[in-house]
file model15.csv (CSV, C-alpha atoms)
chain,number,residue,atom,x,y,z
A,1,MET,CA,-3.2,13.4,0.9
A,2,VAL,CA,-3.6,12.7,4.7
A,3,ARG,CA,-1.0,15.0,6.2
A,4,SER,CA,-1.3,14.6,10.0
A,5,ARG,CA,-0.1,11.6,12.0
A,6,HIS,CA,-3.6,11.5,13.6
A,7,LYS,CA,-5.3,11.0,10.2
A,8,GLY,CA,-2.6,8.5,9.1
A,9,LYS,CA,-3.2,6.4,12.2
A,10,MET,CA,-6.9,6.6,11.7
A,11,ILE,CA,-6.7,5.3,8.1
A,12,ALA,CA,-4.3,2.5,9.3
A,13,ALA,CA,-6.7,1.5,12.0
A,14,MET,CA,-9.7,1.5,9.6
A,15,LEU,CA,-7.7,-0.6,7.1
A,16,LEU,CA,-6.8,-3.1,9.8
A,17,ALA,CA,-10.4,-3.2,11.0
A,18,ALA,CA,-11.7,-3.6,7.4
A,19,LEU,CA,-9.3,-6.5,6.8
A,20,CYS,CA,-10.4,-8.2,10.0
A,21,THR,CA,-14.0,-7.6,9.3
A,22,SER,CA,-13.7,-8.9,5.7
A,23,ALA,CA,-12.0,-12.1,6.9
A,24,SER,CA,-14.5,-12.6,9.7
A,25,PHE,CA,-17.5,-12.2,7.4
A,26,ALA,CA,-15.9,-14.6,4.9
A,27,ALA,CA,-15.4,-17.2,7.6
A,28,ALA,CA,-18.9,-16.6,8.9
A,29,ASP,CA,-20.3,-17.1,5.4
A,30,GLN,CA,-18.6,-20.4,5.0
A,31,ALA,CA,-19.7,-21.6,8.4
A,32,ALA,CA,-23.3,-20.5,7.9
A,33,ASN,CA,-23.6,-21.7,4.3
A,34,GLY,CA,-21.7,-25.0,4.6
A,35,LYS,CA,-22.0,-26.5,1.2
A,36,ALA,CA,-22.8,-24.2,-1.7
A,37,GLY,CA,-26.3,-24.1,-3.1
A,38,ALA,CA,-27.2,-25.9,-6.3
A,39,GLY,CA,-24.6,-25.1,-9.0
A,40,LEU,CA,-22.8,-22.5,-6.8
A,41,LYS,CA,-19.1,-22.4,-5.9
A,42,THR,CA,-17.7,-22.4,-2.5
A,43,GLY,CA,-15.0,-19.9,-1.5
A,44,ASN,CA,-14.7,-16.2,-2.0
A,45,PRO,CA,-14.9,-14.5,-5.5
A,46,GLU,CA,-12.4,-11.9,-4.2
A,47,ASP,CA,-9.7,-14.6,-4.3
A,48,HIS,CA,-10.5,-15.6,-7.9
A,49,LEU,CA,-10.4,-12.3,-9.9
A,50,PRO,CA,-10.4,-12.4,-13.7
A,51,ALA,CA,-7.6,-10.5,-15.5
A,52,ASN,CA,-9.6,-7.3,-16.0
A,53,ILE,CA,-10.6,-6.9,-12.4
A,54,THR,CA,-8.3,-5.6,-9.6
A,55,ARG,CA,-8.9,-4.6,-6.0
A,56,LEU,CA,-9.1,-0.9,-5.4
A,57,SER,CA,-9.7,-0.9,-1.6
A,58,TRP,CA,-10.0,-3.4,1.2
A,59,PHE,CA,-13.0,-1.7,2.7
A,60,GLY,CA,-15.8,0.6,1.6
A,61,GLU,CA,-19.0,0.9,-0.3
A,62,ARG,CA,-21.0,3.2,-2.7
A,63,ALA,CA,-18.3,4.5,-5.0
A,64,SER,CA,-18.5,7.7,-7.0
A,65,TRP,CA,-16.0,8.9,-9.8
A,66,SER,CA,-14.6,12.4,-9.7
A,67,PRO,CA,-15.3,14.5,-12.8
A,68,ASP,CA,-11.7,14.1,-14.0
A,69,GLY,CA,-11.7,10.3,-13.6
A,70,ARG,CA,-8.7,10.4,-11.3
A,71,LYS,CA,-10.3,9.7,-8.0
A,72,VAL,CA,-13.1,7.8,-6.4
A,73,ALA,CA,-15.1,8.9,-3.4
A,74,PHE,CA,-16.7,6.2,-1.2
A,75,MET,CA,-18.1,5.5,2.2
A,76,SER,CA,-16.0,3.6,4.7
A,77,LYS,CA,-19.2,1.8,5.8
A,78,SER,CA,-22.9,2.6,6.2
A,79,PHE,CA,-23.2,5.5,8.6
A,80,GLY,CA,-19.5,6.0,8.4
A,81,ASP,CA,-16.9,8.5,7.0
A,82,ALA,CA,-16.5,9.6,3.4
A,83,PHE,CA,-13.1,8.7,1.9
A,84,GLU,CA,-11.4,9.5,-1.4
A,85,ILE,CA,-8.9,7.2,-3.2
A,86,ASP,CA,-6.5,8.1,-6.0
A,87,VAL,CA,-7.2,5.4,-8.7
A,88,ARG,CA,-3.6,5.4,-10.0
A,89,THR,CA,-1.6,5.6,-6.7
A,90,GLY,CA,-4.0,4.2,-4.2
A,91,GLU,CA,-3.5,7.2,-1.9
A,92,LEU,CA,-6.4,7.6,0.6
A,93,ARG,CA,-7.7,10.7,2.4
A,94,VAL,CA,-10.6,11.2,4.8
A,95,LEU,CA,-13.1,13.7,3.6
A,96,THR,CA,-15.2,14.0,6.8
A,97,PRO,CA,-12.6,14.0,9.7
A,98,TYR,CA,-15.0,15.7,12.2
A,99,PRO,CA,-17.7,14.5,14.6
A,100,HIS,CA,-21.0,13.6,12.8
A,101,ALA,CA,-23.8,11.1,12.9
A,102,GLY,CA,-22.5,9.1,9.9
A,103,TYR,CA,-23.1,9.4,6.2
A,104,LEU,CA,-24.5,6.9,3.7
A,105,ARG,CA,-23.4,8.4,0.3
A,106,ALA,CA,-20.8,10.8,-1.1
A,107,GLN,CA,-20.8,11.9,-4.7
A,108,TYR,CA,-19.0,14.6,-6.7
A,109,LEU,CA,-20.8,17.7,-8.0
A,110,PRO,CA,-19.6,19.0,-11.4
A,111,ASN,CA,-17.8,21.9,-9.7
A,112,GLY,CA,-15.7,19.5,-7.6
A,113,ASP,CA,-17.7,20.0,-4.3
A,114,LEU,CA,-19.0,16.9,-2.7
A,115,PHE,CA,-22.7,16.0,-2.2
A,116,LEU,CA,-23.3,14.1,1.0
A,117,ILE,CA,-26.3,12.2,2.2
A,118,GLY,CA,-26.6,11.8,6.0
A,119,ALA,CA,-28.8,12.4,9.0
A,120,ARG,CA,-28.3,15.0,11.7
A,121,LYS,CA,-28.5,12.3,14.4
A,122,PHE,CA,-28.4,8.5,14.4
A,123,GLU,CA,-31.2,6.5,16.0
A,124,ASN,CA,-31.2,3.1,14.4
A,125,PRO,CA,-30.2,1.8,11.0
A,126,ILE,CA,-33.7,1.5,9.6
A,127,LYS,CA,-35.3,4.7,10.8
A,128,THR,CA,-32.2,6.8,10.2
A,129,ARG,CA,-31.7,5.4,6.7
A,130,PHE,CA,-35.2,5.6,5.4
A,131,GLU,CA,-36.7,8.6,7.3
A,132,ASP,CA,-34.0,11.0,8.4
A,133,GLN,CA,-31.4,11.3,5.6
A,134,GLU,CA,-30.7,14.9,4.4
A,135,MET,CA,-28.7,16.6,1.6
A,136,TRP,CA,-25.4,18.4,2.3
A,137,VAL,CA,-22.7,20.1,0.3
A,138,LEU,CA,-19.1,19.7,1.4
A,139,ARG,CA,-16.7,22.3,-0.2
A,140,LYS,CA,-13.9,20.8,-2.2
A,141,ASP,CA,-11.3,22.7,-0.2
A,142,GLY,CA,-12.3,20.6,2.8
A,143,LYS,CA,-11.8,23.6,5.2
A,144,SER,CA,-15.4,23.7,6.5
A,145,LYS,CA,-18.1,21.3,7.6
A,146,PRO,CA,-20.9,20.3,5.2
A,147,ILE,CA,-23.6,22.9,4.5
A,148,PRO,CA,-27.2,21.6,4.8
A,149,LEU,CA,-29.6,22.1,2.0
A,150,ASP,CA,-32.4,21.6,4.5
A,151,HIS,CA,-34.2,18.9,2.6
A,152,LYS,CA,-34.7,15.2,3.2
A,153,ILE,CA,-34.1,12.5,0.6
A,154,PHE,CA,-35.0,8.9,0.0
A,155,GLU,CA,-32.0,6.8,-0.9
A,156,GLY,CA,-29.9,8.0,-3.8
A,157,ILE,CA,-29.3,11.2,-5.8
A,158,ALA,CA,-29.0,11.9,-9.6
A,159,ILE,CA,-26.4,14.5,-10.4
A,160,SER,CA,-26.0,16.1,-13.8
A,161,ARG,CA,-22.6,15.9,-15.5
A,162,GLN,CA,-23.2,19.2,-17.1
A,163,SER,CA,-24.7,21.5,-14.5
A,164,MET,CA,-25.6,21.8,-10.8
A,165,LYS,CA,-28.9,20.0,-11.5
A,166,ILE,CA,-30.0,17.2,-9.2
A,167,ALA,CA,-33.0,14.9,-8.8
A,168,TRP,CA,-34.2,12.9,-5.8
A,169,ALA,CA,-37.2,11.1,-4.4
A,170,ASN,CA,-39.3,11.5,-1.3
A,171,SER,CA,-41.9,9.4,0.4
A,172,ALA,CA,-44.2,9.5,3.3
A,173,ARG,CA,-41.4,8.2,5.5
A,174,ASN,CA,-39.5,11.4,4.8
A,175,TYR,CA,-42.4,13.7,5.1
A,176,PRO,CA,-45.4,12.1,7.0
A,177,GLY,CA,-48.4,14.3,6.8
A,178,GLN,CA,-47.2,16.0,3.6
A,179,ILE,CA,-46.9,12.9,1.4
A,180,ALA,CA,-49.6,10.2,1.6
A,181,PRO,CA,-48.7,6.6,2.5
A,182,ASN,CA,-47.4,4.5,-0.4
A,183,VAL,CA,-46.8,7.6,-2.5
A,184,SER,CA,-43.3,8.5,-3.7
A,185,ILE,CA,-42.4,11.6,-5.7
A,186,VAL,CA,-39.4,12.6,-7.8
A,187,TYR,CA,-38.2,16.1,-7.9
A,188,VAL,CA,-35.6,18.0,-9.8
A,189,ALA,CA,-33.9,21.2,-8.7
A,190,ASP,CA,-30.7,23.3,-9.1
A,191,ILE,CA,-28.1,23.9,-6.5
A,192,VAL,CA,-27.4,27.6,-6.6
A,193,GLU,CA,-25.2,30.0,-4.6
A,194,GLU,CA,-26.8,32.7,-2.5
A,195,ASN,CA,-24.4,34.9,-0.6
A,196,GLY,CA,-21.8,32.2,-0.8
A,197,VAL,CA,-24.2,29.5,0.6
A,198,PRO,CA,-25.5,26.6,-1.6
A,199,LYS,CA,-29.3,26.4,-1.8
A,200,LEU,CA,-32.0,24.5,-3.7
A,201,ALA,CA,-33.8,26.5,-6.4
A,202,ASN,CA,-36.3,25.8,-9.1
A,203,LYS,CA,-37.6,22.7,-7.4
A,204,ARG,CA,-40.4,20.9,-9.3
A,205,GLU,CA,-42.1,17.6,-9.3
A,206,VAL,CA,-41.5,15.4,-12.4
A,207,LEU,CA,-42.9,12.0,-11.4
A,208,ARG,CA,-45.3,10.5,-8.9
A,209,SER,CA,-46.2,7.0,-8.0
A,210,ASN,CA,-49.4,6.4,-6.0
A,211,SER,CA,-48.7,2.7,-5.5
A,212,ALA,CA,-46.6,0.6,-3.2
A,213,ASP,CA,-46.0,-1.6,-6.2
A,214,CYS,CA,-43.7,1.1,-7.7
A,215,GLY,CA,-41.5,2.8,-5.1
A,216,LEU,CA,-39.2,5.3,-6.9
A,217,GLU,CA,-35.5,5.9,-6.6
A,218,VAL,CA,-33.6,8.1,-9.1
A,219,GLN,CA,-30.3,7.2,-10.7
A,220,ASP,CA,-28.9,9.3,-13.6
A,221,PHE,CA,-29.7,12.0,-16.1
A,222,ARG,CA,-29.2,11.3,-19.9
A,223,ASN,CA,-29.7,13.0,-23.3
A,224,ASN,CA,-28.5,16.4,-22.2
A,225,ASP,CA,-30.5,16.2,-19.0
A,226,GLN,CA,-33.7,15.8,-20.9
A,227,GLU,CA,-34.4,12.3,-19.4
A,228,LEU,CA,-34.1,10.9,-15.9
A,229,ILE,CA,-33.4,7.2,-15.4
A,230,TYR,CA,-34.8,5.7,-12.2
A,231,SER,CA,-35.7,2.4,-10.6
A,232,CYS,CA,-39.2,1.2,-9.8
A,233,TYR,CA,-39.3,-1.2,-6.8
A,234,ARG,CA,-42.1,-3.8,-6.8
A,235,LEU,CA,-40.4,-5.8,-4.1
A,236,PRO,CA,-38.8,-8.3,-4.3
A,237,TYR,CA,-38.4,-7.2,-7.9
A,238,ALA,CA,-37.2,-3.9,-9.6
A,239,ASP,CA,-37.4,-2.4,-13.0
A,240,VAL,CA,-35.3,0.1,-15.0
A,241,MET,CA,-37.4,3.1,-16.2
A,242,GLY,CA,-37.0,6.6,-17.6
A,243,VAL,CA,-39.0,9.8,-17.6
A,244,ASP,CA,-38.8,12.6,-20.1
A,245,LEU,CA,-38.4,15.7,-18.0
A,246,LYS,CA,-40.4,17.9,-20.5
A,247,SER,CA,-43.3,15.7,-21.6
A,248,GLY,CA,-43.5,13.4,-18.5
A,249,LYS,CA,-43.5,10.4,-20.8
A,250,VAL,CA,-42.3,7.2,-19.1
A,251,THR,CA,-40.3,4.6,-20.9
A,252,THR,CA,-39.7,1.0,-19.6
A,253,TYR,CA,-36.2,-0.1,-20.3
A,254,ARG,CA,-36.1,-3.4,-18.5
A,255,LYS,CA,-39.1,-5.0,-16.8
A,256,ILE,CA,-39.4,-8.8,-16.4
A,257,PRO,CA,-42.3,-10.1,-14.2
A,258,GLN,CA,-40.0,-12.1,-11.9
A,259,GLU,CA,-36.6,-10.5,-12.2
A,260,TYR,CA,-34.7,-7.9,-10.2
A,261,ASN,CA,-33.1,-5.1,-12.3
A,262,GLU,CA,-32.0,-1.9,-10.5
A,263,ALA,CA,-30.5,1.0,-12.5
A,264,GLU,CA,-27.0,2.0,-11.5
A,265,GLY,CA,-24.2,4.0,-13.2
A,266,ILE,CA,-24.9,5.3,-16.7
A,267,PHE,CA,-22.3,5.4,-19.4
A,268,PRO,CA,-21.1,8.8,-20.6
A,269,ASP,CA,-22.7,8.4,-24.0
A,270,GLY,CA,-26.1,7.7,-22.3
A,271,ARG,CA,-26.8,4.7,-24.5
A,272,HIS,CA,-26.0,2.0,-21.9
A,273,ILE,CA,-26.4,1.7,-18.2
A,274,LEU,CA,-25.1,-0.7,-15.5
A,275,VAL,CA,-27.7,-2.8,-13.8
A,276,GLU,CA,-27.8,-4.9,-10.6
A,277,SER,CA,-29.6,-7.9,-12.1
A,278,SER,CA,-30.8,-11.3,-11.0
A,279,ARG,CA,-31.0,-12.4,-14.6
A,280,GLY,CA,-30.1,-16.1,-14.9
A,281,LYS,CA,-30.4,-16.8,-11.2
A,282,GLU,CA,-32.6,-19.4,-9.6
A,283,LYS,CA,-33.9,-16.8,-7.1
A,284,HIS,CA,-34.7,-13.2,-7.8
A,285,SER,CA,-34.3,-10.2,-5.4
A,286,ASP,CA,-31.5,-7.8,-4.4
A,287,LYS,CA,-29.8,-10.7,-2.7
A,288,TYR,CA,-29.1,-12.5,-5.9
A,289,ILE,CA,-27.5,-10.0,-8.2
A,290,ASP,CA,-24.5,-9.4,-10.4
A,291,VAL,CA,-23.4,-6.4,-12.5
A,292,TRP,CA,-24.7,-6.3,-16.1
A,293,LYS,CA,-24.5,-3.7,-18.9
A,294,LEU,CA,-27.9,-2.9,-20.5
A,295,ARG,CA,-28.5,-1.1,-23.7
A,296,LEU,CA,-31.1,1.6,-23.1
A,297,GLU,CA,-33.9,0.8,-25.5
A,298,PRO,CA,-37.6,0.2,-24.8
A,299,ASP,CA,-38.1,-3.3,-23.2
A,300,GLY,CA,-34.4,-3.9,-23.6
A,301,THR,CA,-33.0,-7.4,-24.0
A,302,ASP,CA,-29.4,-6.5,-25.0
A,303,MET,CA,-27.5,-7.2,-21.8
A,304,VAL,CA,-23.9,-8.3,-21.1
A,305,ARG,CA,-22.9,-9.8,-17.8
A,306,LEU,CA,-19.8,-8.1,-16.3
A,307,THR,CA,-19.3,-9.8,-12.9
A,308,HIS,CA,-19.7,-13.4,-11.6
A,309,TRP,CA,-19.7,-12.8,-7.8
A,310,GLY,CA,-23.1,-14.5,-7.6
A,311,ASP,CA,-21.6,-17.7,-8.8
A,312,TYR,CA,-20.2,-18.1,-5.3
A,313,ASP,CA,-22.6,-19.0,-2.5
A,314,GLY,CA,-23.4,-16.1,-0.3
A,315,TYR,CA,-21.9,-13.3,-2.4
A,316,LYS,CA,-23.1,-10.6,-4.8
A,317,ALA,CA,-21.6,-7.6,-6.7
A,318,SER,CA,-23.3,-4.3,-6.5
A,319,ASN,CA,-23.3,-0.5,-6.8
A,320,PRO,CA,-21.3,-0.2,-10.0
A,321,VAL,CA,-20.3,3.3,-11.4
A,322,VAL,CA,-18.7,4.1,-14.8
A,323,SER,CA,-15.6,6.3,-15.2
A,324,PRO,CA,-16.1,9.6,-17.1
A,325,ASP,CA,-14.3,8.1,-20.2
A,326,GLY,CA,-16.4,5.0,-20.1
A,327,LYS,CA,-13.4,2.7,-19.9
A,328,MET,CA,-13.5,1.6,-16.2
A,329,ILE,CA,-16.1,0.5,-13.7
A,330,VAL,CA,-15.8,0.5,-9.9
A,331,PHE,CA,-18.2,-1.8,-8.0
A,332,GLN,CA,-18.2,-3.4,-4.5
A,333,SER,CA,-18.2,-6.8,-3.1
A,334,GLY,CA,-21.3,-7.7,-1.1
A,335,ARG,CA,-22.8,-10.4,1.0
A,336,ARG,CA,-26.1,-11.9,-0.1
A,337,ASP,CA,-28.0,-11.4,3.2
A,338,ASP,CA,-26.9,-7.8,4.0
A,339,LEU,CA,-29.0,-4.7,3.4
A,340,PRO,CA,-28.6,-3.2,0.0
A,341,GLY,CA,-25.6,-0.9,-0.3
A,342,VAL,CA,-23.4,-2.7,2.3
A,343,GLY,CA,-20.0,-3.4,0.9
A,344,TYR,CA,-16.7,-5.0,1.8
A,345,GLY,CA,-14.2,-3.3,-0.5
A,346,LEU,CA,-14.1,-1.8,-4.0
A,347,PHE,CA,-12.9,-3.4,-7.2
A,348,LEU,CA,-11.9,-1.9,-10.5
A,349,LEU,CA,-13.1,-3.5,-13.8
A,350,ARG,CA,-11.4,-2.4,-17.0
A,351,LEU,CA,-13.6,-2.5,-20.1
A,352,GLN,CA,-10.8,-1.6,-22.6
call {"tool": "encode", "arguments": {"input": "model15.csv", "output": "structure tokens"}}
result
Amino acid sequence: MVRSRHKGKMIAAMLLAALCTSASFAAADQAANGKAGAGLKTGNPEDHLPANITRLSWFGERASWSPDGRKVAFMSKSFGDAFEIDVRTGELRVLTPYPHAGYLRAQYLPNGDLFLIGARKFENPIKTRFEDQEMWVLRKDGKSKPIPLDHKIFEGIAISRQSMKIAWANSARNYPGQIAPNVSIVYVADIVEENGVPKLANKREVLRSNSADCGLEVQDFRNNDQELIYSCYRLPYADVMGVDLKSGKVTTYRKIPQEYNEAEGIFPDGRHILVESSRGKEKHSDKYIDVWKLRLEPDGTDMVRLTHWGDYDGYKASNPVVSPDGKMIVFQSGRRDDLPGVGYGLFLLRLQ
């Protein structure tokens, strides 16, 4: 709960700003797009919600479920503050109420601490996002500032549900001179405590791509942390892949020559995963996506569409995550031409 008047005013101001921003972007979309593209609807999908989808917040992006399924952490905006919302009551609290350069992601660790991804300083959106992001741990009591793990990261993080094991990717943009151009590497490691300070330990390489046709980004562990699901980017397309962490064997779960499929939140049973997919669209890239549920089997074709944001001209649904009980999904409303990850509010989709 936000206890001080200062924090309360800050949240109110952010909500008002978010409402104004959402309205202005919607108006801009309509003005820019004019008539919808072939077969697309005009208007805003946020105004036409099906019975199983409700709005969770009026602002924000990149949601993450708490281990108990009661709360969702998310970013106010790219290079913004981390917030937490109670799914039942809608109560909000700021998780990062101190000066900082802005964060891009906030996710829960199994012990309740928060894992943050952010840079030490902000230069510009592209350089800061793709070159300077680092890993941080924010204690769950919120009484101290984040503790750096002193390691850079490319885009997202995979966090075990069972232990303090994580996985991430790095590229030459993170470590020029150490990693060759067009090479991306996936590592796994444990977050351990040394004299009361979190540190990375047991770091090892588990996957390497030597081609610009397969940039790597991790997503989730499955099968008792024996396999790591990741995305392979061959822009403008993407594929859902997995690597066995013992044998190194790679499995292709969804790869269509001209289709965008990016791995997102995995279901608790590990048998299905949410995917940002351009399946069925006239164009194929991260600009033309909706949320789908994919059964994780080699060269999978068993997919169920869960959102229809892309039926509206200029919109997309993205960044879905599954609740710990597998019954709910949180995703964000996006605009077609924004950078991946930019969101304009969170929505709750009930599966059961």
call {"tool": "residues_around", "arguments": {"input": "model15.csv", "residues": "Val321 (chain A)", "least_positions_apart": "6", "cutoff": "9 Å", "atoms": "all atoms listed in the file", "output": "compact mmCIF listing (two decimals) with C-alpha atoms, keeping the file's coordinate frame"}}
result
# COMPACT_ATOMS: atom_id res chain seq x y z
CA ARG A 62 -21.00 3.20 -2.70
CA ALA A 63 -18.30 4.50 -5.00
CA SER A 64 -18.50 7.70 -7.00
CA TRP A 65 -16.00 8.90 -9.80
CA GLU A 264 -27.00 2.00 -11.50
CA GLY A 265 -24.20 4.00 -13.20
CA ILE A 266 -24.90 5.30 -16.70
CA PHE A 267 -22.30 5.40 -19.40
CA LEU A 274 -25.10 -0.70 -15.50
CA MET A 328 -13.50 1.60 -16.20
CA ILE A 329 -16.10 0.50 -13.70
CA VAL A 330 -15.80 0.50 -9.90
CA PHE A 331 -18.20 -1.80 -8.00
call {"tool": "residues_around", "arguments": {"input": "model15.csv", "residues": "Gln162 (chain A)", "least_positions_apart": "3", "cutoff": "9 Å", "atoms": "only C-alpha atoms", "output": "list in words"}}
result
Pro110, Ile159, Lys165, Asn224 and Asp225 of chain A
call {"tool": "closest_residue", "arguments": {"input": "model15.csv", "among": "A:Tyr253, A:Tyr108, A:Phe130, A:Phe154", "to": "Thr301 (chain A)", "atoms": "only C-alpha atoms"}}
result
A:Tyr253
call {"tool": "atom_distance", "arguments": {"input": "model15.csv", "atom1": "CA of Asp299 (chain A)", "atom2": "CA of Thr252 (chain A)"}}
result
5.8 Å
call {"tool": "atom_distance", "arguments": {"input": "model15.csv", "atom1": "CA of Asp239 (chain A)", "atom2": "CA of Ile126 (chain A)"}}
result
23.2 Å
call {"tool": "residues_around", "arguments": {"input": "model15.csv", "residues": "Glu297 (chain A)", "least_positions_apart": "2", "cutoff": "12 Å", "atoms": "only C-alpha atoms", "output": "ChimeraX atom specification"}}
result
/A:229,240-242,251-255,270-273,294-295,299-303
call {"tool": "closest_residue", "arguments": {"input": "model15.csv", "among": "A:Gly196, A:Gly310, A:Gly43, A:Gly118", "to": "Arg279 (chain A)", "atoms": "all atoms listed in the file"}}
result
A:Gly310
call {"tool": "closest_residue", "arguments": {"input": "model15.csv", "among": "A:Ile289, A:Leu296, A:Leu216, A:Val94", "to": "Asn182 (chain A)", "atoms": "all atoms listed in the file"}}
result
A:Leu216
call {"tool": "residues_around", "arguments": {"input": "model15.csv", "residues": "Arg234 (chain A)", "least_positions_apart": "2", "cutoff": "7 Å", "atoms": "only C-alpha atoms", "output": "mmCIF file with C-alpha atoms, in the frame of the given file"}}
result
data_model
loop_
_atom_site.group_PDB
_atom_site.id
_atom_site.type_symbol
_atom_site.label_atom_id
_atom_site.label_comp_id
_atom_site.auth_asym_id
_atom_site.auth_seq_id
_atom_site.Cartn_x
_atom_site.Cartn_y
_atom_site.Cartn_z
ATOM 1 C CA ASP A 213 -46.000 -1.600 -6.200
ATOM 2 C CA CYS A 214 -43.700 1.100 -7.700
ATOM 3 C CA GLY A 215 -41.500 2.800 -5.100
ATOM 4 C CA CYS A 232 -39.200 1.200 -9.800
ATOM 5 C CA PRO A 236 -38.800 -8.300 -4.300
ATOM 6 C CA TYR A 237 -38.400 -7.200 -7.900
ATOM 7 C CA ALA A 238 -37.200 -3.900 -9.600
#
call {"tool": "residues_near_point", "arguments": {"input": "model15.csv", "point": "(-9.5, 12.3, -9.6)", "cutoff": "10 Å", "atoms": "all atoms listed in the file", "output": "PyMOL selection string"}}
result
chain A and resi 65-73+84-88+112
call {"tool": "write_last_selection", "arguments": {"input": "model15.csv", "atoms": "C-alpha atoms", "output": "short mmCIF file (atom, residue, chain, number, x, y, z; two decimals), in the frame of the given file"}}
result
data_model
loop_
_atom_site.label_atom_id
_atom_site.label_comp_id
_atom_site.auth_asym_id
_atom_site.auth_seq_id
_atom_site.Cartn_x
_atom_site.Cartn_y
_atom_site.Cartn_z
CA TRP A 65 -16.00 8.90 -9.80
CA SER A 66 -14.60 12.40 -9.70
CA PRO A 67 -15.30 14.50 -12.80
CA ASP A 68 -11.70 14.10 -14.00
CA GLY A 69 -11.70 10.30 -13.60
CA ARG A 70 -8.70 10.40 -11.30
CA LYS A 71 -10.30 9.70 -8.00
CA VAL A 72 -13.10 7.80 -6.40
CA ALA A 73 -15.10 8.90 -3.40
CA GLU A 84 -11.40 9.50 -1.40
CA ILE A 85 -8.90 7.20 -3.20
CA ASP A 86 -6.50 8.10 -6.00
CA VAL A 87 -7.20 5.40 -8.70
CA ARG A 88 -3.60 5.40 -10.00
CA GLY A 112 -15.70 19.50 -7.60
#
call {"tool": "atom_distance", "arguments": {"input": "model15.csv", "atom1": "CA of Glu155 (chain A)", "atom2": "CA of Phe59 (chain A)"}}
result
21.1 Å
call {"tool": "closest_residue", "arguments": {"input": "model15.csv", "among": "A:Lys143, A:Lys287, A:Lys293, A:Lys246", "to": "Lys316 (chain A)", "atoms": "all atoms listed in the file"}}
result
A:Lys287
call {"tool": "axis_aligned_box", "arguments": {"input": "model15.csv", "around": "region 103-117 of chain A", "padding_each_side": "8 Å", "output": "lines of an AutoDock Vina configuration file"}}
result
center_x = -21.0
center_y = 14.4
center_z = -2.6
size_x = 26.6
size_y = 31.0
size_z = 33.6
call {"tool": "closest_residue", "arguments": {"input": "model15.csv", "among": "A:Ser171, A:Arg335, A:His100, A:Val137", "to": "Val192 (chain A)", "atoms": "all atoms listed in the file"}}
result
A:Val137
call {"tool": "closest_residue", "arguments": {"input": "model15.csv", "among": "A:Pro268, A:Leu200, A:Phe347, A:Val250", "to": "Ile147 (chain A)", "atoms": "only C-alpha atoms"}}
result
A:Leu200
call {"tool": "build_atoms", "arguments": {"input": "model15.csv", "residues": "region 210-222 of chain A", "atoms": "N, CA and C atoms", "output": "CSV table (one decimal), in the frame of the given file"}}
result
chain,number,residue,atom,x,y,z
A,210,ASN,N,-48.4,6.5,-7.1
A,210,ASN,CA,-49.4,6.4,-6.0
A,210,ASN,C,-49.6,4.9,-5.6
A,211,SER,N,-48.6,4.1,-5.9
A,211,SER,CA,-48.7,2.7,-5.5
A,211,SER,C,-47.5,2.1,-4.8
A,212,ALA,N,-47.7,1.3,-3.8
A,212,ALA,CA,-46.6,0.6,-3.2
A,212,ALA,C,-45.9,-0.4,-4.1
A,213,ASP,N,-46.5,-0.7,-5.2
A,213,ASP,CA,-46.0,-1.6,-6.2
A,213,ASP,C,-44.9,-0.9,-7.1
A,214,CYS,N,-44.7,0.4,-6.9
A,214,CYS,CA,-43.7,1.1,-7.7
A,214,CYS,C,-43.1,2.2,-6.8
A,215,GLY,N,-42.2,1.8,-5.9
A,215,GLY,CA,-41.5,2.8,-5.1
A,215,GLY,C,-40.4,3.4,-6.0
A,216,LEU,N,-40.1,4.7,-5.9
A,216,LEU,CA,-39.2,5.3,-6.9
A,216,LEU,C,-37.9,5.7,-6.2
A,217,GLU,N,-36.8,5.4,-7.0
A,217,GLU,CA,-35.5,5.9,-6.6
A,217,GLU,C,-34.8,6.4,-7.9
A,218,VAL,N,-34.2,7.6,-7.9
A,218,VAL,CA,-33.6,8.1,-9.1
A,218,VAL,C,-32.2,7.6,-9.2
A,219,GLN,N,-31.7,7.7,-10.5
A,219,GLN,CA,-30.3,7.2,-10.7
A,219,GLN,C,-29.4,8.2,-11.5
A,220,ASP,N,-29.8,8.5,-12.8
A,220,ASP,CA,-28.9,9.3,-13.6
A,220,ASP,C,-29.7,10.1,-14.6
A,221,PHE,N,-29.2,11.3,-15.0
A,221,PHE,CA,-29.7,12.0,-16.1
A,221,PHE,C,-29.1,11.5,-17.4
A,222,ARG,N,-29.8,11.7,-18.6
A,222,ARG,CA,-29.2,11.3,-19.9
A,222,ARG,C,-29.8,12.3,-20.9
